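Structure first, then comments.
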Amino acid sequence: MKKIYGNEYLISTLENMIRRDKAAHAVLFYGEKGSGKKLIAKYYIKLLLCESLIDGRPCGRCTACKNVESGYHPDVIYPAKSGKLGGYSVETAGAVSSDAFVKPNNKSGKKVYVFTDCRNFDSRPQNKLLKLIEEPPDYAYFIFTAESKSVFLPTIISRCVCFGTSICTEEQAEQALAEDGYSHEEIRNAVKCFHGNIGMCREYLLDDSLRRKVDLTKSLADSIIRRDEYAMNAAFYTVAKDRNDVGEVFSMLDKLIRDSAVFQKDPEARAISCFGDAARSLSEKLGVYQAARLHRYIEKARSAVESNVNIPLVIASLCAEIISTV
């Protein structure tokens with residue numbers, strides 16, 4: 001079973017819920033991408049379904065644990081996403097509501113529905129699920145993962161036990177990556193970009209497209225420093241075909257802007273962005289209030305992209321706002 005670094009209190013709380021026979025029927029894990037939400041959700045599923053818990057922890061060896069780990073447990077259901085935004089539809093919510101009343105066929109007598117990466121979760125399917133989550137069958141459990149609680153209706157949140165996940169220390173990230181068999185240089189490069197976010201470090205080492213987005217973020221920072229609106233537009237357009245890619249670049253640029261503001265106040269502070277050096281250079285050009293304004297512009301652009309607004313128009317507007325501010 002893969003070791004979970006960090007979030008020790010959260011893991012302990014989940015284990016205690018099981019020991020006391022107080023397992024929550026609806027749980028929401030939220031936190032930044034790569035902070036371990038799905039890994040912790042899988043651990044909770046194993047706690048629910050394990051056939052022979054050891055000291056209140058999943059054994060990792062029984063059929064249930066192995067099936068959960070491989071993603072093929074018949075009573076662990078991952079509802080399908082659909083549409084351009086990759087969300088959950090009303091039809092899917094209706095299918096879950098019907099299926100939830102079909103009893104499970106396993107030793108634990110439990111059935112788990114897992115809604116992952118709830119980034120674009122329309123209010124209609126949420127309302128469709130509300131009654132089920134409020135009064136579930138005794139054997140039915142519901143798990144949601146998301147970067148923010150804000151994507152959910154207050155009525156859904158009020159019926160879930162919510163746990164925020166956090167990133168680890170850089171030392172823990174280095175240890176986890178070393179256990180994966182990566183070289184010292186690979187680990188150093190990944191941790192320099194994504195610090196204690198083990199999930200993002202792993203993705204950086206495995207995914208060429210993420211490495212390109214990291215390089216793109218540095219190019220955007222250089223364009224801001226030079227006040228080159230054309231270069232900024234050209235860089236952004238390399239990812240303009242995919243909303244998720246654009247959103248990811250927005251997030252990385254936003255962290256870089258955040259670092260530049262922090263370095264204004266504390267030059268020795270630890271960076272959280274993928275290019276601390278670029279953030280330090282940017283801090284020489286931007287004041288704290290300018291950085292705050294850029295953050296608002298990026299958040300507005302991110303919201304527009306998630307709302308299906310034309311991406312090239314959003315990018316052009318954002319670049320003009322950034323250049324007018326620096």
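Letters A, B, ... go to the chains of the structure tokens in the order shown; residues in each chain start at 1; ligands are counted from 1 in the same order.
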Using the chain letters and numbers from this document, which residues of region 224-287 of chain A does DSSP assign to alpha helix (DSSP H), as a ChimeraX atom specification? /A:224-226,229-237,243-265,276-283
Test item: residues at most 8 Å from region 7-10 of chain A, only C-alpha atoms, excluding those fewer than 3 positions along its chain, as a list in words: Ile4, Thr13, Leu14, Phe163, Thr165, Ser166, Ile167 and Cys168 of chain A
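When only C-alpha atoms are used to compute distances to Leu48 (chain A), the closest of the residues A:Ile11, A:Ala176, A:Ala291, A:Val112 turns out to be A:Val112.
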With a distance cut-off of 8 Å and only C-alpha atoms, select the neighbouring residues of region 260-276 of chain A, excluding the residue or stretch itself and same-chain residues fewer than 3 positions from it, and output the selection as a PyMOL selection string. chain A and resi 192-195+214+218+252-253+255-257+279-284+286-288+291-292
For CA of Cys50 (chain A) and CA of Lys107 (chain A), determine how far apart the two atoms are, in Å to one decimal place. 8.9 Å
Residue with smallest distance to Arg296 (chain A) - pool A:Asn120, A:Thr325, A:Asn310, A:Asn106, counting only C-alpha atoms: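 Smallest separation from Arg296 (chain A) among the options: A:Thr325.
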Record the distance separating CA of Ser82 (chain A) and CA of Ile133 (chain A), expressed in Å with one decimal.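 Result for CA of Ser82 (chain A) versus CA of Ile133 (chain A): 21.5 Å, one decimal.
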Give me the residues near Lys111 (chain A) as a list in words, where near means some atom within 9 Å (using only C-alpha atoms) and where sequence neighbours in that chain fewer than 5 positions away do not count.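 Close residues of Lys111 (chain A): Leu49, Pro74, Asp75, Val76, Ile77, Ala100, Lys103, Pro104, Asn105, Asn106, Tyr139, Ala140, Tyr141 and Phe142 of chain A.
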Just to be explicit: take each residue in the selection above, keep C-alpha atoms, and write the result as an mmCIF file, in the first residue's frame.
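Heads up, here's the output in again.cif:
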data_model
loop_
_atom_site.group_PDB
_atom_site.id
_atom_site.type_symbol
_atom_site.label_atom_id
_atom_site.label_comp_id
_atom_site.auth_asym_id
_atom_site.auth_seq_id
_atom_site.Cartn_x
_atom_site.Cartn_y
_atom_site.Cartn_z
ATOM 1 C CA LEU A 49 -14.301 -2.235 2.938
ATOM 2 C CA PRO A 74 -17.521 -4.071 -7.912
ATOM 3 C CA ASP A 75 -19.042 -1.986 -5.118
ATOM 4 C CA VAL A 76 -16.791 1.046 -5.556
ATOM 5 C CA ILE A 77 -18.387 3.117 -8.291
ATOM 6 C CA ALA A 100 -27.732 3.267 -4.621
ATOM 7 C CA LYS A 103 -27.670 -3.708 -2.184
ATOM 8 C CA PRO A 104 -23.946 -4.513 -2.348
ATOM 9 C CA ASN A 105 -22.573 -8.028 -2.607
ATOM 10 C CA ASN A 106 -19.421 -8.067 -0.481
ATOM 11 C CA TYR A 139 -24.784 0.607 3.267
ATOM 12 C CA ALA A 140 -24.218 3.557 0.877
ATOM 13 C CA TYR A 141 -21.299 5.981 1.166
ATOM 14 C CA PHE A 142 -20.412 9.015 -0.940
#
Using only C-alpha atoms for the distances, tell me which of A:Cys118, A:Val314, A:Val191, A:Leu130 is nearest to Ser150 (chain A).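 Looking at the shortest contact to Ser150 (chain A), the residue is A:Cys118.
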Pick the closest to Glu134 (chain A) from A:Leu39, A:Ala26, A:Leu206, A:Ala146: which is it, counting only C-alpha atoms?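 When distances to Glu134 (chain A) are compared using only C-alpha atoms, the smallest one comes from A:Ala26.
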So, counting only C-alpha atoms, which residue among A:Glu229, A:Gly86, A:Lys2, A:Asp55 is closest to Glu15 (chain A)? A:Asp55
Gly34 (chain A) surroundings by only C-alpha atoms, 8 Å radius, close-in-sequence under 5 positions cut, as a list in words: Ile167, Asn197, Ile198, Gly199 and Met200 of chain A
Neighbour list for Phe250 (chain A) as a list in words, cut-off 10 Å, only C-alpha atoms, skip fewer than 2 positions in-chain: Thr217, Phe236, Asn244, Asp245, Val246, Gly247, Glu248, Met252, Leu253, Asp254, Lys255, Leu256, His295, Ile298, Glu299, Ala301 and Arg302 of chain A
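Every protein or nucleic acid residue with an atom no more than 12 Å from Thr238 (chain A), counting only C-alpha atoms and leaving out same-chain residues fewer than 2 positions away, appears here: Ser209, Arg212, Lys213, Asp215, Leu216, Thr217, Ser219, Leu220, Ala231, Met232, Asn233, Ala234, Ala235, Phe236, Ala240, Lys241, Asp242, Arg243, Asp245, Val246, Val249, Ile311, Pro312 and Ile315 of chain A.
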Those selected residues, please, written with C-alpha atoms and delivered as a PDB file, in the first residue's frame.
ATOM      1  CA  SER A 209       2.939  18.493 -21.110  1.00  0.00           C
ATOM      2  CA  ARG A 212       5.947  22.510 -20.993  1.00  0.00           C
ATOM      3  CA  LYS A 213       3.362  24.375 -18.905  1.00  0.00           C
ATOM      4  CA  ASP A 215       8.303  26.490 -18.940  1.00  0.00           C
ATOM      5  CA  LEU A 216       5.368  28.488 -20.296  1.00  0.00           C
ATOM      6  CA  THR A 217       4.769  30.015 -16.859  1.00  0.00           C
ATOM      7  CA  SER A 219       7.955  32.702 -20.245  1.00  0.00           C
ATOM      8  CA  LEU A 220       4.857  34.541 -19.042  1.00  0.00           C
ATOM      9  CA  ALA A 231       4.852  37.683 -26.290  1.00  0.00           C
ATOM     10  CA  MET A 232       2.467  37.037 -23.420  1.00  0.00           C
ATOM     11  CA  ASN A 233      -0.463  36.478 -25.785  1.00  0.00           C
ATOM     12  CA  ALA A 234       1.623  34.216 -28.008  1.00  0.00           C
ATOM     13  CA  ALA A 235       2.719  32.114 -25.020  1.00  0.00           C
ATOM     14  CA  PHE A 236      -0.821  31.748 -23.690  1.00  0.00           C
ATOM     15  CA  ALA A 240      -5.618  27.911 -25.562  1.00  0.00           C
ATOM     16  CA  LYS A 241      -7.286  24.790 -26.981  1.00  0.00           C
ATOM     17  CA  ASP A 242      -7.754  23.124 -23.603  1.00  0.00           C
ATOM     18  CA  ARG A 243      -9.612  24.762 -20.719  1.00  0.00           C
ATOM     19  CA  ASP A 245      -4.488  23.460 -19.428  1.00  0.00           C
ATOM     20  CA  VAL A 246      -5.320  27.172 -19.396  1.00  0.00           C
ATOM     21  CA  VAL A 249      -1.259  27.792 -16.226  1.00  0.00           C
ATOM     22  CA  ILE A 311     -10.694  31.351 -24.326  1.00  0.00           C
ATOM     23  CA  PRO A 312      -8.836  33.639 -26.806  1.00  0.00           C
ATOM     24  CA  ILE A 315      -6.519  35.579 -22.720  1.00  0.00           C
TER      25      ILE A 315
END
